[in-house]
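Okay, so here's the structure we're looking at.
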Amino acid sequence: MINISEVLETNRMVEQENLDVRTITMGISLLDCADSDLNTTCEKIYTKITTVAKNLVATGEQISREIGIPIVHKRISITPIAMVGSACCHTPGDYVQIAKTLDKAALEVGVNFLGGYSAIVSKGMTKSDELLIRSIPKAMACTERICSSVNVGSTKTGINMDAVRLMGDIIKETSMETKDTDSLGCAKLVVLCNAPDDNPFMAGAFHGVSEADAIINVGVSGPGVVKYALEQMDLQVGRELDKNGKPKLANFELLCETIKKTAFKITRVGQLVAQEASRRLNVPFGIIDLSLAPTPAIGDSVADILKCIGVEHPGAPGTTAALALLNDQVKKGGVMASSYVGGLSGAFIPVSEDQGMIDAVEAGALTIEKLEAMTCVCSVGLDMIAIPGDTPATTISGIIADESAIGMINQKTTAVRIIPTVGKSVGDTVEYGGLLGHAPIMPVNTFSSQRFVDRCGRIPAPIHSFKN
């Protein structure tokens with residue numbers, strides 16, 4: 001059993017090392033809100049969200065005060081809206097009306113974000129799916145708290161290249177619709193492959209059809225805690241000298257053990273928060289997502305962990321191996337601390353949200369191509385990357401296709417959250433504030449992929465997908 005003494009042991013982590021529970025996310029099924037009348041559907045959606053989640057924020061704040069652990073965000077994920085609105089939405093504008101209803105409900109219950117303005121189109125698009133996708137630019141422009149995601153591929157089905165091509169256009173349109181806020185709408189839109197049903201992290205969160213009517217998922221964080229543990233490890237080992245008279249370095253066995261033990265402690269905190277939230281809200285506990293999610297705060301960086309492991313900057317040779325090691329040990333430590341680990345779980349490498357990643361880009365060490373290689377072994381993919389506003393839609397589609405292929409072949413979740421910032425070019429910086437941080441505009445390969453992405457149809461599933 002988890003007890004409060006375990007949490008009290010983490011006080012130093014909270015005070016000095018930026019430990020936090022990144023989010024309590026309540027998943028809510030809206031399947032019973034579907035109706036052939038749009039206004040009725042919106043009324044049902046608003047009523048259900050504001051009823052089921054009415055105590056979510058207050059409960060999260062109460063738990064945070066009682067155990068002394070910051071809970072940064074309270075969020076809601078919902079059934080992909082393309083499913084809920086299929087009977088009543090006949091134009092993209094109809095879906096925008098639902099988006100406004102969702103935003104109103106999110107404001108009423110006080111959550112930071114609501115995810116699930118989504119479509120699952122990994123094998124094909126229904127008319128409803130396409131209408132929702134085409135509504136995304138307007139929906140992101142007229143709402144504040146709504147996040148959108150589109151799953152365009154999976155290991156089981158392959159990659160829907162029609163959807164990939166369309167999403168290049170949609171991201172560009174979203175960028176234009178929100179140009180007055182440095183194309184902020186694109187920061188709330190992600191394109192996924194192998195999207196999980198129980199992810200508590202935005203912008204890719206939605207409540208899968210395999211889930212219960214309502215569920216509590218918790219996302220923990222703590223890159224600063226891991227960094228501190230590695231620094232202490234090196235200090236202790238470095239008190240001895242090697243045969244050349246230099247301070248010894250911890251070997252990989254000790255390095256891995258240190259990360260595992262730290263991940264265990266972090267996950268136990270999340271487990272306690274999840275159990276308490278579940279009990280007080282009378283909503284079943286779903287999963288712990290034990291991802292290391294950075295923030296722009298100094299000392300809260302996954303990039304800094306990679307530097308502790310030994311690379312001068314993320315992007316240097318050895319970075320991908322270091323990230324693979326980190327991701328795997330986090331998962332190994334976390335699964336011993338909770339019986340229900342899910343979501344994404346591992347290490348996030350967003351650029352704008354991680355000061356160490358920003359420093360690496362500005363130093364010339366980190367490129368989009370190297371980030372793509374790193375996504376083969378991390379939790380998600382190309383995340384919060386600002387690129388020149390004049391980048392062609394077909395180039396964006398090519399980037400999505402590459403990242404989806406990594407996910408499809410490697411049987412893992414990958415994602416693209418990329419921001420073509422209107423009016424900005426390489427050398428400029430875009431500022432979003434809060435958890436979204438700021439980002440230097442990164443150069444993009446200027447050779448064309450138009451002929452590739454303009455082909456219609458679907459890239460077939462890989463041979464190892466046949467497991468029935």
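Ordering of the structure tokens sets the chain letters (A, B, ...), residue numbers begin anew at 1 in every chain, and ligands are numbered from 1 in the order given.
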Set the distance at 12 Å and use only C-alpha atoms: which residues neighbour A:Val273 once local chain neighbours fewer than 2 positions away are removed? I'd like the list as a PyMOL selection string. chain A and resi 2-4+7+20-25+59-71+216-220+266-271+275-281+285+287-288+338
Export of the given selection (C-alpha atoms) as a CSV table (one decimal), in the first residue's frame:
```csv
chain,number,residue,atom,x,y,z
A,2,ILE,CA,1.1,3.5,-0.7
A,3,ASN,CA,1.3,5.7,2.4
A,4,ILE,CA,1.9,9.4,3.1
A,7,VAL,CA,5.3,11.2,-0.4
A,20,ASP,CA,5.3,17.8,-10.0
A,21,VAL,CA,2.3,15.8,-11.2
A,22,ARG,CA,1.9,17.4,-14.6
A,23,THR,CA,-1.8,16.6,-15.0
A,24,ILE,CA,-4.9,14.9,-13.6
A,25,THR,CA,-7.0,14.2,-16.7
A,59,THR,CA,-10.3,18.0,-5.9
A,60,GLY,CA,-7.0,18.3,-7.6
A,61,GLU,CA,-6.2,21.5,-5.7
A,62,GLN,CA,-7.2,19.9,-2.4
A,63,ILE,CA,-5.0,16.9,-3.0
A,64,SER,CA,-2.1,19.1,-4.0
A,65,ARG,CA,-2.4,21.1,-0.8
A,66,GLU,CA,-2.7,18.1,1.5
A,67,ILE,CA,0.3,16.1,0.2
A,68,GLY,CA,2.4,19.1,-0.8
A,69,ILE,CA,2.9,18.0,-4.4
A,70,PRO,CA,2.2,20.6,-7.2
A,71,ILE,CA,-0.5,19.4,-9.7
A,216,ILE,CA,-9.0,9.3,-14.1
A,217,ASN,CA,-5.6,9.2,-15.8
A,218,VAL,CA,-2.6,10.9,-14.2
A,219,GLY,CA,0.6,12.1,-15.9
A,220,VAL,CA,3.7,12.5,-13.8
A,266,ILE,CA,8.3,9.6,-9.2
A,267,THR,CA,5.6,7.1,-10.3
A,268,ARG,CA,4.7,6.3,-6.7
A,269,VAL,CA,3.8,9.9,-6.2
A,270,GLY,CA,1.5,9.8,-9.3
A,271,GLN,CA,0.0,6.6,-8.1
A,275,GLN,CA,-5.9,6.8,-6.2
A,276,GLU,CA,-6.9,9.8,-4.1
A,277,ALA,CA,-8.5,11.6,-7.1
A,278,SER,CA,-10.3,8.4,-8.1
A,279,ARG,CA,-11.7,7.9,-4.6
A,280,ARG,CA,-12.8,11.4,-4.0
A,281,LEU,CA,-14.4,11.9,-7.4
A,285,PHE,CA,-8.6,4.9,-11.8
A,287,ILE,CA,-3.5,4.7,-15.8
A,288,ILE,CA,-0.4,6.4,-14.8
A,338,SER,CA,2.2,1.0,-10.6
```
For the structure I just gave you, how does DSSP split stretch 112-358 of chain A - specifically, which residues are strand (DSSP E)? Reply as a PyMOL selection string. chain A and resi 113-120+146-154+158-160+189-193+214-220+285-289
In terms of the shortest atom-to-atom distance over only C-alpha atoms, which of A:Glu312, A:Asp103, A:Glu372, A:Asp300 is closest to A:Glu353?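 Closest candidate: A:Asp300.
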Nearest candidate to A:Tyr117 (options A:Cys42, A:Leu192, A:Leu184, A:Ala205; using only C-alpha atoms): A:Ala205
Which polymer residues have any atom within 12 Å of an atom of A:Leu436, counting only C-alpha atoms, with same-chain residues fewer than 4 positions away left out, as a ChimeraX atom specification? /A:184-188,202-203,293-297,350-355,383-386,417,419,430-432
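By only C-alpha atoms, and with residues fewer than 3 positions from A:Ile146 along its chain excluded, the set lying at most 9 Å from it is Ala99, Lys100, Leu102, Asp103, Ala106, Phe113, Leu114, Gly115, Gly116, Tyr117, Ala139, Met140, Thr143, Lys188 and Ala203 of chain A.
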Set the distance at 7 Å and use only C-alpha atoms: which residues neighbour A:Pro314 once local chain neighbours fewer than 2 positions away are removed? I'd like the list as a PyMOL selection string. chain A and resi 303+306+311-312+316+319+357+360+365-366
Quote the spacing between atom CA of A:Ile459 and atom CA of A:Thr413 in Å to one decimal place. 17.0 Å
Give me every alpha helix (DSSP H) residue in stretch 204-283 of chain A, going by DSSP on the backbone, as a PyMOL selection string. chain A and resi 223-237+252-281
